[in-house]
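Down below is the structure, laid out as structure tokens.
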Amino acid sequence: MHRSSLLRLGRITKVWSRSQAPRIESCRGYATESSQSHHDLYDVVCVGGGPAGLSLLAGLRASPVTSRLKVALIEGQDIQSSQAKFDISAPFSNRCSSLTPTSVSHLKEIGAWSSVEEKRVQPYQEMQVWDGVSGASINFDWASPAQGIIQPPDSTGTIAYMIENNNLTRALSQRLTSFEDITLFSPARVDSINLGEDLHDFNMQSWPIVTLNSGQKLAARLLIGADGANSPVRNFAGMVSRGWDYNRHGVVATLAMNDAGWGGEEHKIAYQRFLPTGPIALLPLPGNAASLVWSTTPERATRLKGLKAEDFVAMVNAAFRLDPVELTYLHSLEEGQVKEVNWRESQHSADEMRIPKRVTAVQPGTVANFPLKMRHADTYTGERVALIGDAAHTIHPLAGQGLNQGQGDAASLVRAIKAAVEHGADIGSQEALDAYNRDRWAANNLLLGVVDKLHKLYQFESGPIVPLRSFGLSAVNRLPALKKFLMKSATGAA
Ligand SMILES: Cc1cc2nc3c(=O)[nH]c(=O)nc-3n(C[C@H](O)[C@H](O)[C@H](O)COP(=O)(O)OP(=O)(O)OC[C@H]3O[C@@H](n4cnc5c(N)ncnc54)[C@H](O)[C@@H]3O)c2cc1C
């Protein structure tokens, strides 16, 4: 069992109270696993200290309207040790995300971006996307006059920023703990969640009571599930989450490229090729490093993970250059891909201007795979409960939007809580939370649907769909207004 620690920062936690609500006082001093048998009362209890939960609590603290709510964060991992100084010369993590300029603006607004180690962040200005079966392509580049785009959402022409997930969560948790009166249970796990009972003369039957693995109980005026795809909060609230597994795994790795300035230091390019088994993407990191996300079948993912480094590198280079039929053969080999790929590539002429430079090495220990699925909760809110981030929706990573959606959720929920406080409403009431559900559910549903259809559209290797989708891609490439809309969507600005 984890040793649970309760870190109390600052002195007093202010009460946000309405007429019949109980007054919430801070419990002073440090508490440990078994020191409290009563319920501690909080305005907001957030389960999950990933990017979404941390952003939500930092956002609440950063606003003068909500800064005095009494909040607690419960996180299964040790947040304090993740705050340790970042070694900027350390190899890059294999868990990276592309952050839209809209998410970065939000992180600046809540004061978290200044704690990001920017030397390990890589903006990119162009995307090359193409169909691995037909070769039809589309290119997104704010700087190109052919795009007919007048103003990118960001003055640097940046489409998105590649960042290691731990660089982001470290910055967010630093920002959060820079505020007074944050109650942090970490590492601590939620053991169970039940509805409350009357406490003294106050009716707490609608209040969720969270029991930690230490036995400590927290009563929440508003319980937030930022606890990822298998959300215990969502299960407690009985919120149905629908969707399907893709029978695909995302293979990730950190790679070295043969050209330090692939695309040029000032103009970096992200590449994505749609193969029938799923897209493969190479995203730029600082210097000559790159982050790989290769969506493929579970069998191929297992085989890729087991390859020798040189064969793995050969497979990644081949996946951007060779035909899907040849790739199928290469995937069937247990070893020796490097020789086979060299021979096959010598028989092909690839348009080297349109595809990424060659991968030269894979960082040891970084090849990993994650099952991919699509899920969407029927609603994000219930009485005294709200879901954000992957607890509310899980999306295929082909558009790099999951983490960004979570940032959008956090910003929107802060706005809803703020409005409730300003109007003297109960922040846990369904009416107060409705604005958040209205704002985010339909927008996320649209994106989940588009990404799901894209995944399915590119699975066809033959038949009428192939020329149709190629025609569609080429047509969009020639329509500046539509491309502008798609680019704005990709940056989170649409
Ligand atoms: C291969 C891959 C590539 C991706 N690339 C991108 C990308 O480029 N851009 C992008 O925007 N998104 C990307 N995503 C998606 C992104 O990683 C997720 O959407 C994001 O991490 C979700 O953040 P979250 O805070 O909602 O949840 P999580 O990061 O899952 O955090 C949930 C937290 O809750 C805690 N928790 C869970 N249960 C409990 C419990 N019982 N008690 C206490 N704590 C608990 C966990 O420890 C965890 O810290 C990618 C995903 C994959 C798989």
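As shown in the structure tokens, the chain order sets the letters A, B, ...; within each chain, residues go from 1, and ligands are also counted from 1 in the order they appear.
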
Give me, as a PDB file with N, CA, C and O atoms, in the first residue's frame, the set of residues whose atoms come within 7 Å of any atom of ligand 1, counting only C-alpha atoms and all ligand atoms.
ATOM      1  N   VAL A  47     -10.259  14.239  -8.321  1.00  0.00           N
ATOM      2  CA  VAL A  47      -9.531  12.967  -8.368  1.00  0.00           C
ATOM      3  C   VAL A  47      -8.774  12.934  -9.695  1.00  0.00           C
ATOM      4  O   VAL A  47      -9.392  13.000 -10.758  1.00  0.00           O
ATOM      5  N   GLY A  48      -7.449  12.859  -9.625  1.00  0.00           N
ATOM      6  CA  GLY A  48      -6.634  12.802 -10.836  1.00  0.00           C
ATOM      7  C   GLY A  48      -5.800  14.047 -11.036  1.00  0.00           C
ATOM      8  O   GLY A  48      -6.337  15.138 -11.239  1.00  0.00           O
ATOM      9  N   GLY A  49      -4.495  13.867 -10.923  1.00  0.00           N
ATOM     10  CA  GLY A  49      -3.557  14.988 -11.113  1.00  0.00           C
ATOM     11  C   GLY A  49      -2.778  14.832 -12.401  1.00  0.00           C
ATOM     12  O   GLY A  49      -1.569  15.019 -12.448  1.00  0.00           O
ATOM     13  N   GLY A  50      -3.493  14.459 -13.490  1.00  0.00           N
ATOM     14  CA  GLY A  50      -2.899  14.486 -14.827  1.00  0.00           C
ATOM     15  C   GLY A  50      -3.025  15.909 -15.365  1.00  0.00           C
ATOM     16  O   GLY A  50      -3.374  16.836 -14.622  1.00  0.00           O
ATOM     17  N   PRO A  51      -2.770  16.101 -16.662  1.00  0.00           N
ATOM     18  CA  PRO A  51      -2.829  17.455 -17.222  1.00  0.00           C
ATOM     19  C   PRO A  51      -4.181  18.135 -17.014  1.00  0.00           C
ATOM     20  O   PRO A  51      -4.229  19.341 -16.748  1.00  0.00           O
ATOM     21  N   ALA A  52      -5.295  17.362 -17.093  1.00  0.00           N
ATOM     22  CA  ALA A  52      -6.616  17.994 -16.973  1.00  0.00           C
ATOM     23  C   ALA A  52      -6.893  18.444 -15.539  1.00  0.00           C
ATOM     24  O   ALA A  52      -7.268  19.595 -15.295  1.00  0.00           O
ATOM     25  N   GLY A  53      -6.684  17.540 -14.560  1.00  0.00           N
ATOM     26  CA  GLY A  53      -6.988  17.875 -13.164  1.00  0.00           C
ATOM     27  C   GLY A  53      -6.104  19.009 -12.648  1.00  0.00           C
ATOM     28  O   GLY A  53      -6.579  19.925 -11.968  1.00  0.00           O
ATOM     29  N   ILE A  74      -6.509  14.563  -5.270  1.00  0.00           N
ATOM     30  CA  ILE A  74      -6.098  13.191  -4.938  1.00  0.00           C
ATOM     31  C   ILE A  74      -5.416  12.614  -6.170  1.00  0.00           C
ATOM     32  O   ILE A  74      -6.016  12.566  -7.253  1.00  0.00           O
ATOM     33  N   GLU A  75      -4.175  12.202  -6.041  1.00  0.00           N
ATOM     34  CA  GLU A  75      -3.452  11.652  -7.191  1.00  0.00           C
ATOM     35  C   GLU A  75      -2.719  10.382  -6.771  1.00  0.00           C
ATOM     36  O   GLU A  75      -2.035  10.350  -5.752  1.00  0.00           O
ATOM     37  N   GLY A  76      -2.857   9.359  -7.604  1.00  0.00           N
ATOM     38  CA  GLY A  76      -2.260   8.055  -7.304  1.00  0.00           C
ATOM     39  C   GLY A  76      -0.741   8.062  -7.335  1.00  0.00           C
ATOM     40  O   GLY A  76      -0.103   7.280  -6.629  1.00  0.00           O
ATOM     41  N   GLN A  77      -0.162   8.948  -8.165  1.00  0.00           N
ATOM     42  CA  GLN A  77       1.303   8.990  -8.232  1.00  0.00           C
ATOM     43  C   GLN A  77       1.849  10.091  -7.331  1.00  0.00           C
ATOM     44  O   GLN A  77       1.111  10.957  -6.884  1.00  0.00           O
ATOM     45  N   CYS A  96       4.985  12.089 -25.354  1.00  0.00           N
ATOM     46  CA  CYS A  96       4.960  13.491 -25.775  1.00  0.00           C
ATOM     47  C   CYS A  96       3.586  13.812 -26.345  1.00  0.00           C
ATOM     48  O   CYS A  96       2.896  12.920 -26.826  1.00  0.00           O
ATOM     49  N   SER A  97       3.224  15.080 -26.330  1.00  0.00           N
ATOM     50  CA  SER A  97       1.949  15.487 -26.920  1.00  0.00           C
ATOM     51  C   SER A  97       2.151  16.738 -27.737  1.00  0.00           C
ATOM     52  O   SER A  97       3.049  17.529 -27.465  1.00  0.00           O
ATOM     53  N   SER A  98       1.286  16.891 -28.714  1.00  0.00           N
ATOM     54  CA  SER A  98       1.329  18.133 -29.469  1.00  0.00           C
ATOM     55  C   SER A  98       0.259  19.041 -28.877  1.00  0.00           C
ATOM     56  O   SER A  98      -0.910  18.692 -28.790  1.00  0.00           O
ATOM     57  N   LEU A  99       0.706  20.201 -28.390  1.00  0.00           N
ATOM     58  CA  LEU A  99      -0.187  21.148 -27.710  1.00  0.00           C
ATOM     59  C   LEU A  99      -0.567  22.249 -28.688  1.00  0.00           C
ATOM     60  O   LEU A  99       0.318  22.849 -29.312  1.00  0.00           O
ATOM     61  N   ALA A 188      -1.849   8.851  -3.234  1.00  0.00           N
ATOM     62  CA  ALA A 188      -3.018   8.321  -2.509  1.00  0.00           C
ATOM     63  C   ALA A 188      -4.018   7.836  -3.537  1.00  0.00           C
ATOM     64  O   ALA A 188      -4.127   8.425  -4.620  1.00  0.00           O
ATOM     65  N   ARG A 189      -4.741   6.804  -3.213  1.00  0.00           N
ATOM     66  CA  ARG A 189      -5.712   6.283  -4.180  1.00  0.00           C
ATOM     67  C   ARG A 189      -7.108   6.337  -3.598  1.00  0.00           C
ATOM     68  O   ARG A 189      -7.295   6.258  -2.384  1.00  0.00           O
ATOM     69  N   VAL A 190      -8.058   6.490  -4.500  1.00  0.00           N
ATOM     70  CA  VAL A 190      -9.454   6.462  -4.081  1.00  0.00           C
ATOM     71  C   VAL A 190      -9.836   5.006  -3.862  1.00  0.00           C
ATOM     72  O   VAL A 190      -9.667   4.175  -4.743  1.00  0.00           O
ATOM     73  N   ASP A 191     -10.326   4.744  -2.685  1.00  0.00           N
ATOM     74  CA  ASP A 191     -10.739   3.383  -2.351  1.00  0.00           C
ATOM     75  C   ASP A 191     -12.200   3.178  -2.738  1.00  0.00           C
ATOM     76  O   ASP A 191     -12.561   2.204  -3.368  1.00  0.00           O
ATOM     77  N   ALA A 226     -11.107  13.711 -12.899  1.00  0.00           N
ATOM     78  CA  ALA A 226     -10.065  13.980 -13.909  1.00  0.00           C
ATOM     79  C   ALA A 226      -9.153  12.767 -13.859  1.00  0.00           C
ATOM     80  O   ALA A 226      -7.940  12.868 -13.975  1.00  0.00           O
ATOM     81  N   ASP A 227      -9.786  11.605 -13.652  1.00  0.00           N
ATOM     82  CA  ASP A 227      -9.048  10.397 -13.293  1.00  0.00           C
ATOM     83  C   ASP A 227      -8.893   9.421 -14.452  1.00  0.00           C
ATOM     84  O   ASP A 227      -8.834   8.211 -14.251  1.00  0.00           O
ATOM     85  N   GLY A 228      -8.814   9.979 -15.666  1.00  0.00           N
ATOM     86  CA  GLY A 228      -8.434   9.180 -16.821  1.00  0.00           C
ATOM     87  C   GLY A 228      -9.522   8.253 -17.339  1.00  0.00           C
ATOM     88  O   GLY A 228     -10.661   8.249 -16.863  1.00  0.00           O
ATOM     89  N   ALA A 229      -9.127   7.453 -18.343  1.00  0.00           N
ATOM     90  CA  ALA A 229     -10.096   6.672 -19.111  1.00  0.00           C
ATOM     91  C   ALA A 229     -10.920   5.692 -18.263  1.00  0.00           C
ATOM     92  O   ALA A 229     -12.072   5.407 -18.581  1.00  0.00           O
ATOM     93  N   SER A 231     -11.997   6.086 -15.225  1.00  0.00           N
ATOM     94  CA  SER A 231     -12.469   6.954 -14.144  1.00  0.00           C
ATOM     95  C   SER A 231     -13.324   6.313 -13.037  1.00  0.00           C
ATOM     96  O   SER A 231     -14.495   5.962 -13.246  1.00  0.00           O
ATOM     97  N   PRO A 232     -12.778   6.196 -11.813  1.00  0.00           N
ATOM     98  CA  PRO A 232     -13.610   5.740 -10.693  1.00  0.00           C
ATOM     99  C   PRO A 232     -14.747   6.717 -10.387  1.00  0.00           C
ATOM    100  O   PRO A 232     -15.829   6.292  -9.975  1.00  0.00           O
ATOM    101  N   GLY A 250      -1.039   2.090 -30.214  1.00  0.00           N
ATOM    102  CA  GLY A 250      -0.178   3.215 -30.580  1.00  0.00           C
ATOM    103  C   GLY A 250       1.237   2.866 -30.119  1.00  0.00           C
ATOM    104  O   GLY A 250       1.493   2.752 -28.921  1.00  0.00           O
ATOM    105  N   VAL A 251       2.146   2.676 -31.084  1.00  0.00           N
ATOM    106  CA  VAL A 251       3.550   2.394 -30.728  1.00  0.00           C
ATOM    107  C   VAL A 251       4.271   3.736 -30.655  1.00  0.00           C
ATOM    108  O   VAL A 251       4.242   4.518 -31.610  1.00  0.00           O
ATOM    109  N   VAL A 252       4.875   4.013 -29.513  1.00  0.00           N
ATOM    110  CA  VAL A 252       5.607   5.277 -29.356  1.00  0.00           C
ATOM    111  C   VAL A 252       7.095   4.979 -29.185  1.00  0.00           C
ATOM    112  O   VAL A 252       7.471   3.887 -28.739  1.00  0.00           O
ATOM    113  N   VAL A 293       4.581   8.195 -33.215  1.00  0.00           N
ATOM    114  CA  VAL A 293       3.317   7.577 -32.809  1.00  0.00           C
ATOM    115  C   VAL A 293       2.836   6.768 -34.012  1.00  0.00           C
ATOM    116  O   VAL A 293       2.478   7.333 -35.041  1.00  0.00           O
ATOM    117  N   PHE A 370       0.389   1.338 -26.574  1.00  0.00           N
ATOM    118  CA  PHE A 370      -0.826   1.603 -25.796  1.00  0.00           C
ATOM    119  C   PHE A 370      -2.044   1.211 -26.620  1.00  0.00           C
ATOM    120  O   PHE A 370      -2.139   1.593 -27.786  1.00  0.00           O
ATOM    121  N   LEU A 372      -5.585   1.486 -28.244  1.00  0.00           N
ATOM    122  CA  LEU A 372      -6.319   2.705 -28.611  1.00  0.00           C
ATOM    123  C   LEU A 372      -7.826   2.451 -28.597  1.00  0.00           C
ATOM    124  O   LEU A 372      -8.288   1.406 -29.050  1.00  0.00           O
ATOM    125  N   ILE A 388     -13.841  15.640 -16.518  1.00  0.00           N
ATOM    126  CA  ILE A 388     -13.042  16.374 -17.498  1.00  0.00           C
ATOM    127  C   ILE A 388     -11.951  15.448 -18.057  1.00  0.00           C
ATOM    128  O   ILE A 388     -11.596  14.443 -17.439  1.00  0.00           O
ATOM    129  N   GLY A 389     -11.407  15.830 -19.215  1.00  0.00           N
ATOM    130  CA  GLY A 389     -10.288  15.091 -19.808  1.00  0.00           C
ATOM    131  C   GLY A 389     -10.689  13.691 -20.227  1.00  0.00           C
ATOM    132  O   GLY A 389     -11.844  13.424 -20.581  1.00  0.00           O
ATOM    133  N   ASP A 390      -9.726  12.760 -20.137  1.00  0.00           N
ATOM    134  CA  ASP A 390      -9.971  11.387 -20.605  1.00  0.00           C
ATOM    135  C   ASP A 390     -11.066  10.673 -19.812  1.00  0.00           C
ATOM    136  O   ASP A 390     -11.613   9.675 -20.274  1.00  0.00           O
ATOM    137  N   ALA A 391     -11.393  11.150 -18.632  1.00  0.00           N
ATOM    138  CA  ALA A 391     -12.511  10.565 -17.886  1.00  0.00           C
ATOM    139  C   ALA A 391     -13.815  10.801 -18.643  1.00  0.00           C
ATOM    140  O   ALA A 391     -14.737   9.991 -18.583  1.00  0.00           O
ATOM    141  N   THR A 394     -12.232   9.666 -24.648  1.00  0.00           N
ATOM    142  CA  THR A 394     -10.927   9.146 -25.072  1.00  0.00           C
ATOM    143  C   THR A 394     -10.948   9.098 -26.584  1.00  0.00           C
ATOM    144  O   THR A 394     -11.869   8.539 -27.185  1.00  0.00           O
ATOM    145  N   PRO A 397      -5.341   8.926 -31.147  1.00  0.00           N
ATOM    146  CA  PRO A 397      -4.334  10.014 -31.125  1.00  0.00           C
ATOM    147  C   PRO A 397      -3.950  10.576 -32.497  1.00  0.00           C
ATOM    148  O   PRO A 397      -3.092  11.443 -32.575  1.00  0.00           O
ATOM    149  N   GLY A 400      -3.877  14.197 -32.481  1.00  0.00           N
ATOM    150  CA  GLY A 400      -3.179  14.821 -31.344  1.00  0.00           C
ATOM    151  C   GLY A 400      -4.076  15.772 -30.568  1.00  0.00           C
ATOM    152  O   GLY A 400      -3.702  16.906 -30.283  1.00  0.00           O
ATOM    153  N   GLN A 401      -5.278  15.330 -30.211  1.00  0.00           N
ATOM    154  CA  GLN A 401      -6.230  16.264 -29.595  1.00  0.00           C
ATOM    155  C   GLN A 401      -6.652  15.925 -28.169  1.00  0.00           C
ATOM    156  O   GLN A 401      -7.254  16.748 -27.499  1.00  0.00           O
ATOM    157  N   GLY A 402      -6.363  14.711 -27.661  1.00  0.00           N
ATOM    158  CA  GLY A 402      -6.900  14.295 -26.363  1.00  0.00           C
ATOM    159  C   GLY A 402      -6.532  15.228 -25.220  1.00  0.00           C
ATOM    160  O   GLY A 402      -7.401  15.683 -24.466  1.00  0.00           O
ATOM    161  N   LEU A 403      -5.276  15.495 -25.098  1.00  0.00           N
ATOM    162  CA  LEU A 403      -4.817  16.345 -23.998  1.00  0.00           C
ATOM    163  C   LEU A 403      -5.350  17.775 -24.181  1.00  0.00           C
ATOM    164  O   LEU A 403      -5.742  18.440 -23.222  1.00  0.00           O
ATOM    165  N   ASN A 404      -5.393  18.212 -25.440  1.00  0.00           N
ATOM    166  CA  ASN A 404      -5.912  19.562 -25.719  1.00  0.00           C
ATOM    167  C   ASN A 404      -7.389  19.671 -25.367  1.00  0.00           C
ATOM    168  O   ASN A 404      -7.830  20.682 -24.824  1.00  0.00           O
ATOM    169  N   GLN A 405      -8.142  18.620 -25.641  1.00  0.00           N
ATOM    170  CA  GLN A 405      -9.562  18.638 -25.258  1.00  0.00           C
ATOM    171  C   GLN A 405      -9.690  18.786 -23.745  1.00  0.00           C
ATOM    172  O   GLN A 405     -10.549  19.516 -23.245  1.00  0.00           O
ATOM    173  N   GLY A 406      -8.818  18.099 -23.008  1.00  0.00           N
ATOM    174  CA  GLY A 406      -8.846  18.176 -21.538  1.00  0.00           C
ATOM    175  C   GLY A 406      -8.547  19.587 -21.039  1.00  0.00           C
ATOM    176  O   GLY A 406      -9.142  20.045 -20.053  1.00  0.00           O
TER     177      GLY A 406
END

Interface rows for range 264-322 of chain A against range 337-356 of chain A: nearest pair, Å to one decimal, 10 Å, only C-alpha atoms, as CSV:
residue,atom,partner,partner_atom,distance
A:Ile269,CA,A:Pro356,CA,8.3
A:Ala270,CA,A:Pro356,CA,8.3
A:Tyr271,CA,A:Pro356,CA,6.6
A:Gln272,CA,A:Ile355,CA,8.9
A:Arg273,CA,A:Ile355,CA,9.0
A:Ala281,CA,A:Pro356,CA,9.9
A:Leu282,CA,A:Pro356,CA,7.7
A:Leu283,CA,A:Pro356,CA,9.6
A:Pro284,CA,A:Pro356,CA,10.0
A:Leu307,CA,A:Gln337,CA,8.9
A:Lys308,CA,A:Gln337,CA,9.4
A:Ala309,CA,A:Val338,CA,9.8
A:Glu310,CA,A:Val338,CA,6.5
A:Asp311,CA,A:Val338,CA,5.0
A:Phe312,CA,A:Gln337,CA,7.8
A:Val313,CA,A:Val338,CA,7.9
A:Ala314,CA,A:Val338,CA,5.1
A:Met315,CA,A:Gln337,CA,6.8
A:Asn317,CA,A:Val341,CA,8.5
A:Ala318,CA,A:Val341,CA,6.4
A:Ala319,CA,A:Val341,CA,9.9
A:Phe320,CA,A:Ile355,CA,6.8
A:Arg321,CA,A:Ala350,CA,6.2
A:Leu322,CA,A:Glu345,CA,7.1

Which neighbours of Asn369 in chain A fall inside 10 Å, counting only C-alpha atoms, when residues of the same chain fewer than 3 positions from it are skipped, and could you give them as number ranges by chain? A: 248-253, 293-296, 298, 301-302, 304-305, 366, 372

My list of candidates is A:Gly111, A:Gly306, A:Pro364, A:Gly225. Which is closest to His393 in chain A when distances are computed with only C-alpha atoms? A:Gly225

Tell me, in Å to one decimal, how far CA of Ile110 in chain A is from CA of Gly59 in chain A.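 Taking CA of Ile110 in chain A as the start and CA of Gly59 in chain A as the end point, the length is 5.4 Å.
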
So which residues of range 126-317 of chain A fall under alpha helix (DSSP H) by DSSP, listed as a ChimeraX atom specification? /A:165-177,232-237,298-306,309-317

My list of candidates is A:Val233, A:Leu60, A:Ala442, A:Val129. Which is closest to Leu275 in chain A when distances are computed with only C-alpha atoms?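 Using only C-alpha atoms, Leu275 in chain A sits closest to A:Val129.
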
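Every protein, DNA or RNA residue with an atom at most 9 Å from range 436-439 of chain A, where only C-alpha atoms count and chain neighbours fewer than 5 positions away do not, is listed here: Thr379, Tyr380, Thr381, Ala386, Asp409, Ser412, Leu413, Val414, Arg415, Ala416 and Ile417 of chain A.
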
Counting only C-alpha atoms, the residue of A:Leu218, A:Leu457, A:Leu433, A:Leu176 that sits nearest Ser192 in chain A: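 The answer is A:Leu218, which sits nearest to Ser192 in chain A.
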
Could you check how far CA of Glu118 in chain A sits from CA of Thr360 in chain A, in Å to one decimal?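 Computing it gives 25.1 Å between the two atoms.
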
In terms of the shortest atom-to-atom distance over only C-alpha atoms, which of A:Gln128, A:His396, A:Glu431, A:Asp323 is closest to Val450 in chain A?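 Looking only at the distances to Val450 in chain A, the closest residue turns out to be A:His396.
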